[in-house]
$ cat model.cif   # mmCIF, C-alpha atoms
data_my_file
#
loop_
_atom_site.group_PDB
_atom_site.id
_atom_site.type_symbol
_atom_site.label_atom_id
_atom_site.label_comp_id
_atom_site.auth_asym_id
_atom_site.auth_seq_id
_atom_site.Cartn_x
_atom_site.Cartn_y
_atom_site.Cartn_z
ATOM 1 C CA MET K 1 88.657 43.997 213.199
ATOM 2 C CA THR K 2 85.623 45.864 214.515
ATOM 3 C CA LEU K 3 86.512 48.472 217.118
ATOM 4 C CA ASP K 4 84.573 48.833 220.341
ATOM 5 C CA LEU K 5 83.214 52.283 219.553
ATOM 6 C CA ASP K 6 81.483 52.612 222.919
ATOM 7 C CA ALA K 7 84.840 52.105 224.676
ATOM 8 C CA TYR K 8 86.481 54.622 222.330
ATOM 9 C CA PHE K 9 83.763 57.226 222.905
ATOM 10 C CA ALA K 10 84.079 56.741 226.664
ATOM 11 C CA ARG K 11 87.855 57.136 226.444
ATOM 12 C CA ILE K 12 87.580 60.512 224.698
ATOM 13 C CA GLY K 13 84.533 61.657 226.658
ATOM 14 C CA TRP K 14 82.285 61.906 223.576
ATOM 15 C CA THR K 15 78.523 61.511 224.035
ATOM 16 C CA GLY K 16 77.121 62.408 220.614
ATOM 17 C CA GLU K 17 75.174 60.328 218.135
ATOM 18 C CA PRO K 18 77.636 58.702 215.677
ATOM 19 C CA GLY K 19 77.041 59.318 211.990
ATOM 20 C CA PRO K 20 79.075 60.459 208.950
ATOM 21 C CA THR K 21 78.320 64.178 209.311
ATOM 22 C CA LEU K 22 80.592 67.206 209.482
ATOM 23 C CA GLU K 23 79.384 68.031 212.992
ATOM 24 C CA VAL K 24 80.354 64.545 214.199
ATOM 25 C CA LEU K 25 83.745 64.745 212.464
ATOM 26 C CA ARG K 26 84.512 68.076 214.115
ATOM 27 C CA SER K 27 83.431 67.065 217.594
ATOM 28 C CA LEU K 28 85.179 63.674 217.450
ATOM 29 C CA HIS K 29 88.405 65.315 216.230
ATOM 30 C CA ARG K 30 88.461 67.780 219.128
ATOM 31 C CA ALA K 31 87.465 65.125 221.683
ATOM 32 C CA HIS K 32 90.191 62.749 220.460
ATOM 33 C CA LEU K 33 92.826 65.472 220.852
ATOM 34 C CA SER K 34 91.816 66.173 224.439
ATOM 35 C CA GLY K 35 91.069 62.559 225.351
ATOM 36 C CA ILE K 36 94.197 60.669 224.233
ATOM 37 C CA PRO K 37 97.715 62.075 224.782
ATOM 38 C CA PHE K 38 100.565 62.172 222.283
ATOM 39 C CA GLU K 39 103.677 60.252 223.372
ATOM 40 C CA ASN K 40 106.673 58.380 221.943
ATOM 41 C CA LEU K 41 107.486 56.195 224.940
ATOM 42 C CA ASP K 42 107.620 52.874 223.079
ATOM 43 C CA ALA K 43 110.268 54.279 220.740
ATOM 44 C CA VAL K 44 112.344 55.930 223.447
ATOM 45 C CA LEU K 45 112.240 52.700 225.469
ATOM 46 C CA GLY K 46 113.527 50.679 222.514
ATOM 47 C CA SER K 47 110.649 49.284 220.462
ATOM 48 C CA ALA K 48 108.401 50.221 217.555
ATOM 49 C CA PRO K 49 104.718 50.466 218.527
ATOM 50 C CA SER K 50 102.299 48.084 216.852
ATOM 51 C CA LEU K 51 99.841 49.545 214.350
ATOM 52 C CA ALA K 52 97.517 46.529 214.499
ATOM 53 C CA LEU K 53 94.037 47.718 215.435
ATOM 54 C CA ASP K 54 93.626 45.308 218.348
ATOM 55 C CA ASP K 55 96.923 46.529 219.808
ATOM 56 C CA LEU K 56 95.964 50.170 219.261
ATOM 57 C CA GLU K 57 92.631 49.633 220.968
ATOM 58 C CA ALA K 58 94.365 47.940 223.901
ATOM 59 C CA LYS K 59 96.941 50.719 224.254
ATOM 60 C CA LEU K 60 95.172 53.971 223.330
ATOM 61 C CA VAL K 61 91.610 53.108 224.330
ATOM 62 C CA ARG K 62 91.778 50.621 227.200
ATOM 63 C CA SER K 63 95.041 51.706 228.850
ATOM 64 C CA GLU K 64 96.358 54.944 230.306
ATOM 65 C CA ARG K 65 98.647 55.482 227.343
ATOM 66 C CA GLY K 66 98.872 57.544 224.205
ATOM 67 C CA GLY K 67 100.803 57.296 220.975
ATOM 68 C CA TYR K 68 102.310 59.216 218.103
ATOM 69 C CA CYS K 69 100.913 60.075 214.672
ATOM 70 C CA PHE K 70 100.837 56.614 213.101
ATOM 71 C CA GLU K 71 98.982 55.213 216.089
ATOM 72 C CA HIS K 72 96.532 58.099 216.412
ATOM 73 C CA GLY K 73 95.945 58.311 212.668
ATOM 74 C CA THR K 74 95.394 54.581 212.188
ATOM 75 C CA LEU K 75 92.965 54.416 215.113
ATOM 76 C CA PHE K 76 91.040 57.541 214.098
ATOM 77 C CA ALA K 77 90.779 56.365 210.475
ATOM 78 C CA ALA K 78 89.304 53.052 211.635
ATOM 79 C CA VAL K 79 86.805 54.854 213.885
ATOM 80 C CA LEU K 80 85.690 57.172 211.083
ATOM 81 C CA ARG K 81 85.312 54.344 208.579
ATOM 82 C CA GLN K 82 83.271 52.305 211.039
ATOM 83 C CA ILE K 83 80.948 55.288 211.487
ATOM 84 C CA GLY K 84 80.562 55.613 207.705
ATOM 85 C CA PHE K 85 83.082 58.218 206.518
ATOM 86 C CA SER K 86 85.289 57.770 203.463
ATOM 87 C CA VAL K 87 88.914 58.136 204.612
ATOM 88 C CA THR K 88 92.134 58.364 202.586
ATOM 89 C CA PRO K 89 95.428 58.367 204.536
ATOM 90 C CA VAL K 90 98.164 60.684 203.229
ATOM 91 C CA THR K 91 101.598 61.703 204.522
ATOM 92 C CA ALA K 92 103.376 64.959 205.281
ATOM 93 C CA ARG K 93 106.817 66.422 205.772
ATOM 94 C CA VAL K 94 107.036 68.156 209.149
ATOM 95 C CA MET K 95 108.261 71.717 208.583
ATOM 96 C CA LEU K 96 107.904 72.982 212.142
ATOM 97 C CA GLY K 97 111.395 73.985 213.265
ATOM 98 C CA ALA K 98 112.971 73.320 209.858
ATOM 99 C CA ALA K 99 115.669 75.669 208.574
ATOM 100 C CA PRO K 100 115.200 77.331 205.147
ATOM 101 C CA GLY K 101 116.028 74.814 202.433
ATOM 102 C CA ASP K 102 115.734 71.758 204.675
ATOM 103 C CA ILE K 103 114.225 68.728 202.949
ATOM 104 C CA ARG K 104 112.652 66.464 205.510
ATOM 105 C CA PRO K 105 111.272 62.979 204.895
ATOM 106 C CA ARG K 106 107.577 62.180 204.890
ATOM 107 C CA SER K 107 107.156 61.076 208.463
ATOM 108 C CA HIS K 108 103.704 62.259 209.506
ATOM 109 C CA MET K 109 100.272 60.692 208.947
ATOM 110 C CA LEU K 110 97.230 62.762 207.947
ATOM 111 C CA LEU K 111 93.721 61.853 206.845
ATOM 112 C CA ARG K 112 91.647 63.138 203.953
ATOM 113 C CA VAL K 113 88.024 62.691 204.974
ATOM 114 C CA ASP K 114 85.124 62.928 202.521
ATOM 115 C CA VAL K 115 81.816 63.954 204.071
ATOM 116 C CA GLU K 116 78.625 63.210 202.168
ATOM 117 C CA GLY K 117 76.845 66.399 201.148
ATOM 118 C CA GLU K 118 79.906 68.621 201.631
ATOM 119 C CA PRO K 119 81.418 70.224 198.496
ATOM 120 C CA HIS K 120 85.041 69.587 199.518
ATOM 121 C CA PRO K 121 86.928 66.980 201.567
ATOM 122 C CA TYR K 122 88.467 67.808 204.945
ATOM 123 C CA LEU K 123 91.948 67.346 206.391
ATOM 124 C CA ALA K 124 91.944 65.603 209.768
ATOM 125 C CA ASP K 125 95.064 65.316 211.923
ATOM 126 C CA VAL K 126 94.823 63.991 215.480
ATOM 127 C CA GLY K 127 98.467 62.946 215.842
ATOM 128 C CA PHE K 128 100.560 66.107 215.436
ATOM 129 C CA GLY K 129 102.193 66.682 218.808
ATOM 130 C CA ALA K 130 102.548 70.473 218.868
ATOM 131 C CA THR K 131 100.709 73.619 219.890
ATOM 132 C CA GLY K 132 100.161 74.292 216.193
ATOM 133 C CA ALA K 133 98.133 71.104 215.708
ATOM 134 C CA LEU K 134 94.620 71.228 214.324
ATOM 135 C CA LEU K 135 91.923 71.005 216.970
ATOM 136 C CA GLU K 136 89.279 70.439 214.289
ATOM 137 C CA PRO K 137 89.471 69.313 210.651
ATOM 138 C CA ILE K 138 90.056 71.992 208.023
ATOM 139 C CA GLU K 139 88.385 72.139 204.617
ATOM 140 C CA LEU K 140 90.759 71.079 201.834
ATOM 141 C CA VAL K 141 90.492 74.268 199.818
ATOM 142 C CA GLU K 142 93.317 76.593 198.779
ATOM 143 C CA GLY K 143 93.317 79.546 201.167
ATOM 144 C CA ALA K 144 90.911 77.932 203.639
ATOM 145 C CA GLU K 145 91.086 79.369 207.161
ATOM 146 C CA LEU K 146 89.937 77.625 210.310
ATOM 147 C CA PHE K 147 89.271 79.393 213.596
ATOM 148 C CA ASP K 148 89.542 76.289 215.796
ATOM 149 C CA ALA K 149 89.575 78.394 218.958
ATOM 150 C CA PRO K 150 91.886 79.119 220.602
ATOM 151 C CA ARG K 151 93.909 78.276 217.492
ATOM 152 C CA HIS K 152 93.819 79.648 213.952
ATOM 153 C CA HIS K 153 94.991 77.765 210.853
ATOM 154 C CA ARG K 154 95.070 78.095 207.106
ATOM 155 C CA LEU K 155 95.896 75.899 204.094
ATOM 156 C CA VAL K 156 97.889 77.240 201.156
ATOM 157 C CA HIS K 157 99.573 75.842 198.071
ATOM 158 C CA ILE K 158 103.345 76.237 197.877
ATOM 159 C CA ALA K 159 105.739 76.019 194.936
ATOM 160 C CA HIS K 160 107.127 72.549 194.285
ATOM 161 C CA ASP K 161 108.649 70.653 191.364
ATOM 162 C CA GLY K 162 106.423 67.586 191.741
ATOM 163 C CA PRO K 163 103.396 66.759 189.564
ATOM 164 C CA LEU K 164 100.855 67.071 192.396
ATOM 165 C CA PRO K 165 99.856 70.298 194.167
ATOM 166 C CA THR K 166 101.719 70.696 197.449
ATOM 167 C CA TRP K 167 99.750 71.945 200.422
ATOM 168 C CA GLU K 168 101.095 73.606 203.548
ATOM 169 C CA LEU K 169 99.258 73.782 206.851
ATOM 170 C CA GLN K 170 100.113 76.982 208.706
ATOM 171 C CA ALA K 171 99.297 78.088 212.250
ATOM 172 C CA ASP K 172 98.796 81.684 213.337
ATOM 173 C CA LYS K 173 101.515 82.490 215.865
ATOM 174 C CA GLY K 174 101.011 86.014 217.129
ATOM 175 C CA GLY K 175 99.994 87.440 213.775
ATOM 176 C CA SER K 176 102.474 85.555 211.574
ATOM 177 C CA TRP K 177 101.880 82.256 209.777
ATOM 178 C CA GLU K 178 104.148 79.413 210.922
ATOM 179 C CA PRO K 179 104.474 76.334 208.656
ATOM 180 C CA GLN K 180 103.512 73.074 210.367
ATOM 181 C CA HIS K 181 103.793 70.502 207.594
ATOM 182 C CA THR K 182 103.543 70.076 203.826
ATOM 183 C CA PHE K 183 101.762 67.289 201.965
ATOM 184 C CA THR K 184 100.256 66.061 198.722
ATOM 185 C CA LEU K 185 97.037 64.086 198.402
ATOM 186 C CA GLU K 186 98.631 60.887 197.073
ATOM 187 C CA PRO K 187 97.017 57.955 198.933
ATOM 188 C CA PHE K 188 99.214 55.814 201.173
ATOM 189 C CA GLU K 189 98.551 52.272 202.393
ATOM 190 C CA ALA K 190 99.100 50.376 205.638
ATOM 191 C CA PRO K 191 102.487 48.876 204.555
ATOM 192 C CA ASP K 192 103.781 52.392 203.853
ATOM 193 C CA TYR K 193 103.003 53.421 207.424
ATOM 194 C CA GLU K 194 104.520 50.226 208.797
ATOM 195 C CA MET K 195 107.800 51.160 207.129
ATOM 196 C CA MET K 196 107.654 54.800 208.293
ATOM 197 C CA ASN K 197 106.704 53.716 211.806
ATOM 198 C CA TRP K 198 109.651 51.325 212.006
ATOM 199 C CA HIS K 199 112.079 53.975 210.751
ATOM 200 C CA VAL K 200 110.837 56.728 213.096
ATOM 201 C CA ALA K 201 110.902 54.393 216.108
ATOM 202 C CA THR K 202 114.177 52.541 215.505
ATOM 203 C CA TYR K 203 116.504 54.676 213.351
ATOM 204 C CA PRO K 204 119.396 55.622 215.678
ATOM 205 C CA SER K 205 119.278 59.325 214.736
ATOM 206 C CA SER K 206 115.510 59.662 214.996
ATOM 207 C CA PRO K 207 114.544 62.337 217.553
ATOM 208 C CA PHE K 208 111.972 59.912 218.956
ATOM 209 C CA ARG K 209 114.787 57.548 219.931
ATOM 210 C CA GLN K 210 116.644 60.253 221.830
ATOM 211 C CA ALA K 211 114.205 61.750 224.354
ATOM 212 C CA VAL K 212 110.686 61.610 225.724
ATOM 213 C CA TYR K 213 108.088 63.675 223.861
ATOM 214 C CA ALA K 214 104.593 63.978 225.273
ATOM 215 C CA GLN K 215 101.735 66.391 224.615
ATOM 216 C CA ARG K 216 98.327 66.846 226.210
ATOM 217 C CA THR K 217 95.648 69.241 224.994
ATOM 218 C CA ARG K 218 93.551 70.357 227.956
ATOM 219 C CA ILE K 219 90.744 72.821 228.523
ATOM 220 C CA GLY K 220 92.505 76.162 228.773
ATOM 221 C CA SER K 221 96.052 75.010 228.036
ATOM 222 C CA HIS K 222 98.438 72.715 226.177
ATOM 223 C CA LEU K 223 101.053 70.698 228.074
ATOM 224 C CA SER K 224 104.334 69.580 226.519
ATOM 225 C CA LEU K 225 107.216 67.489 227.823
ATOM 226 C CA ALA K 226 110.456 67.259 225.806
ATOM 227 C CA GLY K 227 113.122 65.345 227.683
ATOM 228 C CA LEU K 228 112.973 66.985 231.111
ATOM 229 C CA ASP K 229 111.600 70.323 229.876
ATOM 230 C CA LEU K 230 107.966 70.839 230.846
ATOM 231 C CA VAL K 231 106.054 73.645 229.098
ATOM 232 C CA GLU K 232 102.477 74.736 229.708
ATOM 233 C CA THR K 233 101.005 77.076 227.083
ATOM 234 C CA ALA K 234 97.734 78.727 228.101
ATOM 235 C CA ASP K 235 95.065 79.558 225.545
ATOM 236 C CA ASP K 236 95.952 83.244 225.900
ATOM 237 C CA GLY K 237 99.561 82.516 224.915
ATOM 238 C CA THR K 238 101.046 82.670 228.418
ATOM 239 C CA VAL K 239 103.890 80.176 228.790
ATOM 240 C CA LYS K 240 105.176 78.509 231.961
ATOM 241 C CA GLU K 241 108.373 76.455 231.781
ATOM 242 C CA ARG K 242 109.982 74.133 234.289
ATOM 243 C CA ARG K 243 112.978 71.803 234.184
ATOM 244 C CA LEU K 244 112.226 68.475 235.856
ATOM 245 C CA LYS K 245 114.803 67.002 238.212
ATOM 246 C CA ASP K 246 115.168 63.516 236.735
ATOM 247 C CA GLY K 247 113.427 60.605 235.045
ATOM 248 C CA ASP K 248 111.562 59.645 238.200
ATOM 249 C CA GLU K 249 109.951 63.081 238.351
ATOM 250 C CA ALA K 250 109.174 62.822 234.640
ATOM 251 C CA LEU K 251 107.337 59.552 235.275
ATOM 252 C CA ARG K 252 105.270 61.214 238.004
ATOM 253 C CA VAL K 253 104.435 64.178 235.766
ATOM 254 C CA LEU K 254 103.493 61.862 232.895
ATOM 255 C CA ALA K 255 101.108 59.997 235.182
ATOM 256 C CA ASP K 256 99.616 62.941 237.051
ATOM 257 C CA ASP K 257 99.471 65.629 234.344
ATOM 258 C CA PHE K 258 99.422 63.719 231.045
ATOM 259 C CA GLY K 259 97.453 60.649 232.103
ATOM 260 C CA ILE K 260 100.247 58.335 230.882
ATOM 261 C CA ARG K 261 101.144 55.456 233.203
ATOM 262 C CA LEU K 262 104.011 53.065 232.532
ATOM 263 C CA PRO K 263 104.718 49.697 234.174
ATOM 264 C CA GLU K 264 106.315 49.713 237.606
ATOM 265 C CA GLY K 265 110.090 49.820 237.364
ATOM 266 C CA THR K 266 110.251 51.700 234.015
ATOM 267 C CA ARG K 267 113.299 53.933 233.733
ATOM 268 C CA LEU K 268 113.383 56.893 231.310
ATOM 269 C CA PRO K 269 116.447 58.337 229.555
ATOM 270 C CA GLU K 270 117.521 61.724 230.908
#
$ encode --input "model.cif" --output "structure tokens"
Amino acid sequence: MTLDLDAYFARIGWTGEPGPTLEVLRSLHRAHLSGIPFENLDAVLGSAPSLALDDLEAKLVRSERGGYCFEHGTLFAAVLRQIGFSVTPVTARVMLGAAPGDIRPRSHMLLRVDVEGEPHPYLADVGFGATGALLEPIELVEGAELFDAPRHHRLVHIAHDGPLPTWELQADKGGSWEPQHTFTLEPFEAPDYEMMNWHVATYPSSPFRQAVYAQRTRIGSHLSLAGLDLVETADDGTVKERRLKDGDEALRVLADDFGIRLPEGTRLPE
């Protein structure tokens, strides 16, 4: 399938000249993050979202909806390839919030992007729903730091028993480095993501089955909804928190503040 790139660019508010350059990759990455919200509403309402490109275009580009990492990553990979980039999907273990010694499954989609003329590939990640998410791609080099203002990231190698080097993306949180996820550069294919997507969306103990999770990166702040807990984190680190009254208020907040509109009559778990 060929994506309607003009519709995609309009959706994310991007007005540049498409081409496989580092400048385009950076600006598209940031525009995608601010243009399309993160949300798990298909899963929490009882179904696994489709990863077919025509369905992703209909949902993330032509509708007032968002998606989670498999949807964002699959769409962004298709966009980049159509522009002329070489893209290799990989997977990560989410370490944010993990206790020491926890072994989590690979449940997050990342993209290795090769840019002609650049000495190293880049890590792109437009589907990590957290304040520690990359706003721009980071160079895949041990010790690389990225000042993706207002955020600050670095990539390091960590000890692991496997045969491939294990990378960890870390975010600067008030002067200390907080792990976000770990990954290797083994390529993964579409059927792998279909299986992960189905598990994350339908496994009874999956967090995405239990409560609404939505994120929106905005100019000056980041908005997060987890269940009925609404958190706004300003670029200067100031945090405002509010507990919503019920699912009906959550639906209004999703529509008004996140740009996510669900069909009339939708009821959310509380």
$ atom_distance --input "model.cif" --atom1 "atom CA of K:Phe85" --atom2 "atom CA of K:Pro20"
5.2 Å
$ closest_residue --input "model.cif" --among "K:Arg11, K:Arg218, K:Arg26, K:His160" --to "K:Asp148" --atoms "only C-alpha atoms"
K:Arg26
$ resolve_selection --input "model.cif" --expression "the PyMOL selection byres ((chain K and resi 69) around 9)" --output "number ranges by chain"
K: 38, 67-68, 70-74, 107-110, 125-129
$ resolve_selection --input "model.cif" --expression "the PyMOL selection byres ((chain K and resi 121) around 12)" --output "count of residues only"
28
$ residues_around --input "model.cif" --residues "stretch 53-55 of chain K" --least-positions-apart "4" --cutoff "8 Å" --atoms "only C-alpha atoms" --output "ChimeraX atom specification"
/K:1,3,59,74-75
$ closest_residue --input "model.cif" --among "K:Met195, K:Leu5, K:Ile260, K:Val156" --to "K:Leu80" --atoms "all atoms listed in the file"
K:Leu5
$ closest_residue --input "model.cif" --among "K:Glu186, K:Asp161, K:Asp192, K:Glu64" --to "K:Asp257" --atoms "only C-alpha atoms"
K:Glu64
$ closest_residue --input "model.cif" --among "K:Thr15, K:Ile83, K:Arg62, K:Ile36" --to "K:Thr2" --atoms "all atoms listed in the file"
K:Ile83
$ resolve_selection --input "model.cif" --expression "the PyMOL selection byres ((chain K and resi 228) around 8)" --output "list in words"
Val212, Leu225, Ala226, Gly227, Asp229, Leu230, Arg243, Leu244, Lys245, Asp246, Gly247, Ala250 and Glu270 of chain K
$ build_atoms --input "model.cif" --residues "stretch 187-198 of chain K" --atoms "all heavy atoms" --output "compact mmCIF listing (two decimals), in the coordinates of the input"
# COMPACT_ATOMS: atom_id res chain seq x y z
N PRO K 187 97.41 58.91 197.89
CA PRO K 187 97.02 57.96 198.93
C PRO K 187 98.19 57.07 199.37
O PRO K 187 99.03 56.69 198.54
CB PRO K 187 95.93 57.11 198.26
CG PRO K 187 95.50 57.89 197.07
CD PRO K 187 96.70 58.67 196.63
N PHE K 188 98.23 56.75 200.64
CA PHE K 188 99.21 55.81 201.17
C PHE K 188 98.47 54.64 201.82
O PHE K 188 97.32 54.77 202.24
CB PHE K 188 100.13 56.50 202.18
CG PHE K 188 101.24 57.30 201.54
CD1 PHE K 188 100.97 58.47 200.85
CD2 PHE K 188 102.55 56.86 201.61
CE1 PHE K 188 101.98 59.20 200.24
CE2 PHE K 188 103.58 57.59 201.01
CZ PHE K 188 103.29 58.76 200.33
N GLU K 189 99.16 53.50 201.89
CA GLU K 189 98.55 52.27 202.39
C GLU K 189 99.23 51.82 203.69
O GLU K 189 100.29 52.32 204.06
CB GLU K 189 98.66 51.16 201.34
CG GLU K 189 98.04 51.51 199.99
CD GLU K 189 96.54 51.63 200.04
OE1 GLU K 189 95.93 51.14 201.01
OE2 GLU K 189 95.95 52.21 199.09
N ALA K 190 98.60 50.85 204.34
CA ALA K 190 99.10 50.38 205.64
C ALA K 190 100.58 49.96 205.60
O ALA K 190 101.33 50.30 206.52
CB ALA K 190 98.23 49.23 206.14
N PRO K 191 101.06 49.23 204.57
CA PRO K 191 102.49 48.88 204.56
C PRO K 191 103.41 50.09 204.51
O PRO K 191 104.53 50.03 205.04
CB PRO K 191 102.62 48.02 203.29
CG PRO K 191 101.26 47.47 203.05
CD PRO K 191 100.33 48.57 203.47
N ASP K 192 102.96 51.18 203.87
CA ASP K 192 103.78 52.39 203.85
C ASP K 192 103.98 52.92 205.27
O ASP K 192 105.08 53.33 205.66
CB ASP K 192 103.10 53.48 203.01
CG ASP K 192 102.91 53.06 201.56
OD1 ASP K 192 103.84 52.49 200.98
OD2 ASP K 192 101.82 53.32 201.02
N TYR K 193 102.91 52.91 206.05
CA TYR K 193 103.00 53.42 207.42
C TYR K 193 103.79 52.47 208.32
O TYR K 193 104.46 52.91 209.26
CB TYR K 193 101.61 53.69 207.98
CG TYR K 193 100.92 54.81 207.24
CD1 TYR K 193 99.81 54.56 206.44
CD2 TYR K 193 101.40 56.11 207.29
CE1 TYR K 193 99.19 55.58 205.73
CE2 TYR K 193 100.80 57.14 206.59
CZ TYR K 193 99.68 56.86 205.80
OH TYR K 193 99.09 57.87 205.10
N GLU K 194 103.70 51.17 208.03
CA GLU K 194 104.52 50.23 208.80
C GLU K 194 106.00 50.54 208.62
O GLU K 194 106.77 50.53 209.59
CB GLU K 194 104.22 48.79 208.35
CG GLU K 194 102.86 48.26 208.75
CD GLU K 194 102.77 47.90 210.22
OE1 GLU K 194 103.79 47.98 210.94
OE2 GLU K 194 101.66 47.53 210.66
N MET K 195 106.40 50.84 207.39
CA MET K 195 107.80 51.16 207.13
C MET K 195 108.19 52.47 207.80
O MET K 195 109.25 52.57 208.44
CB MET K 195 108.04 51.24 205.62
CG MET K 195 109.49 51.51 205.24
SD MET K 195 109.77 51.41 203.46
CE MET K 195 108.78 52.79 202.89
N MET K 196 107.36 53.52 207.66
CA MET K 196 107.65 54.80 208.29
C MET K 196 107.71 54.66 209.81
O MET K 196 108.60 55.23 210.47
CB MET K 196 106.59 55.82 207.91
CG MET K 196 106.56 56.21 206.46
SD MET K 196 105.24 57.41 206.16
CE MET K 196 104.89 57.07 204.45
N ASN K 197 106.76 53.93 210.36
CA ASN K 197 106.70 53.72 211.81
C ASN K 197 107.98 53.06 212.30
O ASN K 197 108.57 53.48 213.31
CB ASN K 197 105.49 52.85 212.12
CG ASN K 197 105.37 52.51 213.59
OD1 ASN K 197 105.46 53.36 214.46
ND2 ASN K 197 105.16 51.22 213.87
N TRP K 198 108.43 52.03 211.60
CA TRP K 198 109.65 51.32 212.01
C TRP K 198 110.86 52.26 211.95
O TRP K 198 111.68 52.28 212.87
CB TRP K 198 109.88 50.11 211.10
CG TRP K 198 111.09 49.32 211.47
CD1 TRP K 198 112.32 49.36 210.88
CD2 TRP K 198 111.21 48.39 212.54
NE1 TRP K 198 113.19 48.52 211.50
CE2 TRP K 198 112.54 47.90 212.53
CE3 TRP K 198 110.33 47.92 213.51
CZ2 TRP K 198 113.00 46.96 213.44
CZ3 TRP K 198 110.78 46.99 214.42
CH2 TRP K 198 112.09 46.52 214.39
